[in-house]
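Chemist: Questions regarding the structure given below will be posed in turn.
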Amino acid sequence: MEKMRMGKLLVCWLLLCGLSLLAGCREEEKGQAGAPREELVYASTKDIRDINPHLYGGEMAAQGMVFEPLVINTAEGVRPWLAESWEISSTDDAAKRPVYTFTLREGACWSDGTPVKAEDFITAWTRVISGAVDSPCRYLFDVILGAKDYENEESELGLEATEDGKLVVTLEGDYSGFAHMLAAPAFWPIKEGEMAYNGRYALADITENVATLKPNTGYRGEKPAAGLALKYYYGDLAALETLAADGTLQATFGYAGDAITPVTGSNGVTGYYVLNTEKLSEAETRLAVKRLLAGKEGTGTLPENMTLLTLKDAPAVPEALANATNLTVNALDYEDYKAARDAGEYDLLYLAVSLDYPDEAVLLHWFASASESNYAKYNSEEFDEMLSKIDTETEESARIGLVKGAMQLLAEEAVLLPQDTGKTPLYCHASLSGITCDAQGLWDFGDAKYTA
């Protein structure tokens, strides 16, 4: 899944606004001296009305505040979140398929006061698997038993809710990264029927261009209940300009003047260069390209002509490479880019990889010898064996080591080269603190507060 999130937000408007946001907010603050603030007003051009995270549209920051997953991913590995714990076993038959049994956090509730149940996950996931919800990340569910060949409601899936409320998931085969995957928005729970929320916030009201998110009084999780209510303006640039000019906004994604220091978080996207090993078959040539991409002098023979396939909004190619060979840059819209990528029309490919699937092994599997998404045309028995070990290793620290080793092999052979990690700035009122952003690019306003 490749997609850019939360980028190019309000650039034209923000350049016009300059410092008016900060100045206006300060005037407002003076006028409300002594009155405690109970609301935070922020804005973006992203439409919040499509709140379903399975669709990967709309305003992901808001979705991440009203829904919570079974697990989260951290630098130390995957850890429980809505799930209190989980156990891994195997089926009793000869297939010995992996079975994950999740115990849900006691007291976890939807915003309507009803408990979060294993059935909520099964219903939500089945809707994605069946195609009732047109999710671009439907393919992530193929690791679940029966999902890939699902035809209708009579089809059997490896999903079960036990009498004591546990969620049991049987996989098609070995894949130890399954728990990691559950942090992805595609796997977040959605209650059937009238919309309810299990995150720190609940959507209380929504109109054509403003939504109100209030602290979820039914929230039971590792974090405390949210403090400030959120008023989120979106959509029309002209209206947002007015809000910025009169000092209504206290936070916005995008430039708001050199005098304001932003809070910077990941936008959940990492850029890579992929080298086509069929066209750049000599390791020495690929290593020369690797050095040039790093801004160093190339050592080795380069082809006289090279083609780079990239996206229109991708970063510019390093000058060192552009100056070293006759480089044709094909910067295309996404649909044209996909068609050219699938046709293999490149020596060098820019790949924007989203952390909407949080397990790095998903990206690694694209480079397996038999993979249809092997954009490098890479064929390595050593690498394929490493993938097999990654898929079966259930001890977290050992698996992290294997993933790092596989990524290192791709880099050493100049097949997959990380280039840049996208960032999103959030410009805030000077008295605001406590707003954070995780590695997936999901912002959390739940701990936001105003200082005196």
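By order of appearance in the structure tokens: chains A, B, ..., then residues from 1 within every chain, and ligands from 1 in the order shown.
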Residues at most 12 Å from Met195 in chain A, counting only C-alpha atoms, excluding those fewer than 3 positions away in the same chain, as a PyMOL selection string?
Modeler: chain A and resi 50-52+66-67+110-112+114+189-192+198+202-204
Chemist: Which polymer residues have any atom within 10 Å of an atom of Glu106 in chain A, counting only C-alpha atoms, with same-chain residues fewer than 2 positions away left out, as a list in words?
Modeler: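 These residues fall inside the cut-off: Leu82, Ala83, Glu84, Thr103, Leu104, Ala108, Cys109, Pro115, Val116, Arg220 and Gly221 of chain A.
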Chemist: Store the residues picked out above in a file with C-alpha atoms, as a PDB file, in the first residue's frame.
Modeler:
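Okay, part.pdb is ready:
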```pdb
ATOM      1  CA  LEU A  82      -7.265  -2.865  23.479  1.00  0.00           C
ATOM      2  CA  ALA A  83      -6.149  -6.458  23.910  1.00  0.00           C
ATOM      3  CA  GLU A  84      -4.918  -7.201  27.416  1.00  0.00           C
ATOM      4  CA  THR A 103      -8.041 -11.508  25.704  1.00  0.00           C
ATOM      5  CA  LEU A 104      -9.741  -8.109  25.503  1.00  0.00           C
ATOM      6  CA  ALA A 108     -13.385  -1.586  27.347  1.00  0.00           C
ATOM      7  CA  CYS A 109     -16.500   0.203  26.115  1.00  0.00           C
ATOM      8  CA  PRO A 115     -18.794  -3.292  25.871  1.00  0.00           C
ATOM      9  CA  VAL A 116     -16.276  -3.862  23.087  1.00  0.00           C
ATOM     10  CA  ARG A 220     -11.306   2.457  29.351  1.00  0.00           C
ATOM     11  CA  GLY A 221      -7.721   2.050  28.203  1.00  0.00           C
TER      12      GLY A 221
END
```
Chemist: Report the residues of range 247-389 of chain A whose backbone DSSP state falls under helix (DSSP H, G or I), written as a tab-separated table (two decimals) with C-alpha atoms, in the first residue's frame.
Modeler:
```
chain	number	residue	atom	x	y	z
A	283	ALA	CA	26.21	-5.72	-8.42
A	284	GLU	CA	29.06	-3.28	-9.13
A	285	THR	CA	26.73	-1.09	-11.18
A	286	ARG	CA	24.03	-1.08	-8.49
A	287	LEU	CA	26.58	-0.19	-5.82
A	288	ALA	CA	27.75	2.74	-7.95
A	289	VAL	CA	24.16	3.96	-8.19
A	290	LYS	CA	23.79	3.50	-4.43
A	291	ARG	CA	26.76	5.77	-3.77
A	292	LEU	CA	25.40	8.44	-6.10
A	293	LEU	CA	22.01	8.33	-4.40
A	319	GLU	CA	22.11	15.77	-8.32
A	320	ALA	CA	25.06	13.39	-8.11
A	321	LEU	CA	23.09	10.72	-9.97
A	322	ALA	CA	21.53	13.14	-12.44
A	323	ASN	CA	24.98	14.48	-13.36
A	324	ALA	CA	26.64	11.08	-13.69
A	334	TYR	CA	-0.25	7.66	-9.25
A	335	GLU	CA	-2.39	5.65	-11.69
A	336	ASP	CA	0.07	6.15	-14.57
A	337	TYR	CA	2.92	5.43	-12.19
A	338	LYS	CA	1.33	2.11	-11.17
A	339	ALA	CA	0.88	1.05	-14.79
A	340	ALA	CA	4.51	1.87	-15.66
A	341	ARG	CA	5.71	0.17	-12.49
A	342	ASP	CA	3.77	-3.01	-13.25
A	360	GLU	CA	8.20	-4.33	7.98
A	361	ALA	CA	8.09	-7.96	6.88
A	362	VAL	CA	5.22	-7.06	4.52
A	363	LEU	CA	7.61	-4.84	2.56
A	364	LEU	CA	10.31	-7.51	2.67
A	365	HIS	CA	7.94	-10.07	1.17
A	381	GLU	CA	17.78	-18.03	-2.08
A	382	GLU	CA	19.52	-16.50	0.94
A	383	PHE	CA	16.92	-13.76	1.18
A	384	ASP	CA	14.01	-16.20	0.70
A	385	GLU	CA	15.36	-18.34	3.56
A	386	MET	CA	15.57	-15.26	5.77
A	387	LEU	CA	11.91	-14.53	5.07
A	388	SER	CA	10.94	-18.06	6.09
A	389	LYS	CA	12.75	-17.62	9.40
```
Chemist: If you count only C-alpha atoms, which residues fall within 12 Å of Gln63 in chain A, apart from same-chain ones fewer than 3 positions away, as a PyMOL selection string?
Modeler: chain A and resi 46-60+66-69+184-186+188-190+197-203+213+441-445
Chemist: Counting only C-alpha atoms, what is within 9 Å of Gly227 in chain A, bar same-chain residues fewer than 2 positions away, as a VMD selection string?
Modeler: chain A and resid 38 to 39 214 to 215 224 to 225 229 445 to 449
Chemist: Could those residues be written to a file, using N, CA and C atoms, as a tab-separated table (two decimals), in the first residue's frame?
Modeler:
```tsv
chain	number	residue	atom	x	y	z
A	38	GLU	N	-11.68	24.95	27.55
A	38	GLU	CA	-12.23	23.60	27.51
A	38	GLU	C	-12.27	23.04	26.10
A	39	GLU	N	-11.81	23.83	25.12
A	39	GLU	CA	-11.91	23.43	23.73
A	39	GLU	C	-10.66	23.81	22.97
A	214	LYS	N	-15.71	15.11	21.35
A	214	LYS	CA	-15.73	15.29	22.80
A	214	LYS	C	-15.10	14.08	23.49
A	215	PRO	N	-14.53	14.28	24.69
A	215	PRO	CA	-13.96	13.15	25.40
A	215	PRO	C	-14.97	12.02	25.55
A	224	PRO	N	-5.34	8.01	30.23
A	224	PRO	CA	-6.48	8.63	30.90
A	224	PRO	C	-7.46	9.17	29.89
A	225	ALA	N	-8.66	9.50	30.34
A	225	ALA	CA	-9.64	10.09	29.45
A	225	ALA	C	-9.11	11.40	28.89
A	229	ALA	N	-12.16	19.28	24.67
A	229	ALA	CA	-12.97	18.96	23.50
A	229	ALA	C	-12.25	19.52	22.27
A	445	PHE	N	-4.39	14.19	20.44
A	445	PHE	CA	-4.66	15.44	21.14
A	445	PHE	C	-5.20	15.17	22.56
A	446	GLY	N	-5.30	13.92	22.94
A	446	GLY	CA	-5.95	13.56	24.20
A	446	GLY	C	-5.31	14.14	25.44
A	447	ASP	N	-3.99	14.38	25.41
A	447	ASP	CA	-3.28	14.95	26.55
A	447	ASP	C	-3.04	16.45	26.39
A	448	ALA	N	-3.63	17.06	25.36
A	448	ALA	CA	-3.41	18.48	25.12
A	448	ALA	C	-3.94	19.31	26.29
A	449	LYS	N	-3.20	20.34	26.62
A	449	LYS	CA	-3.62	21.25	27.70
A	449	LYS	C	-3.01	22.62	27.46
```
Chemist: With only C-alpha atoms as the basis for distance, which of A:Arg79, A:Lys423, A:Lys404, A:Arg97 is at the shortest distance from Val143 in chain A?
Modeler: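 Counting only C-alpha atoms, the residue closest to Val143 in chain A is A:Arg97.
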Chemist: At a cut-off of 12 Å, using only C-alpha atoms, what residues contact Glu163 in chain A? Leave out same-chain residues fewer than 4 positions from it and give the result as JSON, numbers by chain.
Modeler: {"A": [103, 117, 118, 119, 167, 168]}
Chemist: Based on the selection just made, write C-alpha atoms of those residues as a PDB file, in the first residue's frame.
Modeler:
```pdb
ATOM      1  CA  THR A 103      -8.041 -11.508  25.704  1.00  0.00           C
ATOM      2  CA  LYS A 117     -16.648  -7.543  22.162  1.00  0.00           C
ATOM      3  CA  ALA A 118     -14.752 -10.070  20.081  1.00  0.00           C
ATOM      4  CA  GLU A 119     -17.790 -10.171  17.797  1.00  0.00           C
ATOM      5  CA  LEU A 167     -11.100 -13.421  20.016  1.00  0.00           C
ATOM      6  CA  VAL A 168      -9.564 -16.440  18.280  1.00  0.00           C
TER       7      VAL A 168
END
```
Chemist: When DSSP works through the backbone of this structure, what residues of range 191-288 of chain A end up as strand (DSSP E), shown as a PyMOL selection string?
Modeler: chain A and resi 201-206+210-215+229-234+251-253+263-275
Chemist: Excluding same-chain residues fewer than 4 positions from Glu282 in chain A, what lies within 12 Å of it counting only C-alpha atoms, as a list of chain:residue names?
Modeler: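 Here the answer would be A:Leu275, A:Asn276, A:Thr277, A:Glu278, A:Arg286, A:Leu287, A:Ala288, A:Val289, A:Gly300, A:Thr301, A:Leu302, A:Pro303, A:Glu413, A:Ala414, A:Val415.
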Chemist: Excluding Ile88 in chain A and any residue of its chain fewer than 4 positions from it, enumerate the residues within 10 Å of it, using only C-alpha atoms, and give them as a list in words.
Modeler: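 Final neighbour list, sorted by chain and number: Pro98, Val99, Tyr100, Thr101, Phe102, Val168, Val169, Thr170, Ser176 and Thr394 of chain A.
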Chemist: Which of these, A:Trp86, A:Val263, A:Tyr273, A:Gly131, has the shortest distance to Thr436 in chain A once you count only C-alpha atoms?
Modeler: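 Looking only at the distances to Thr436 in chain A, the closest residue turns out to be A:Val263.
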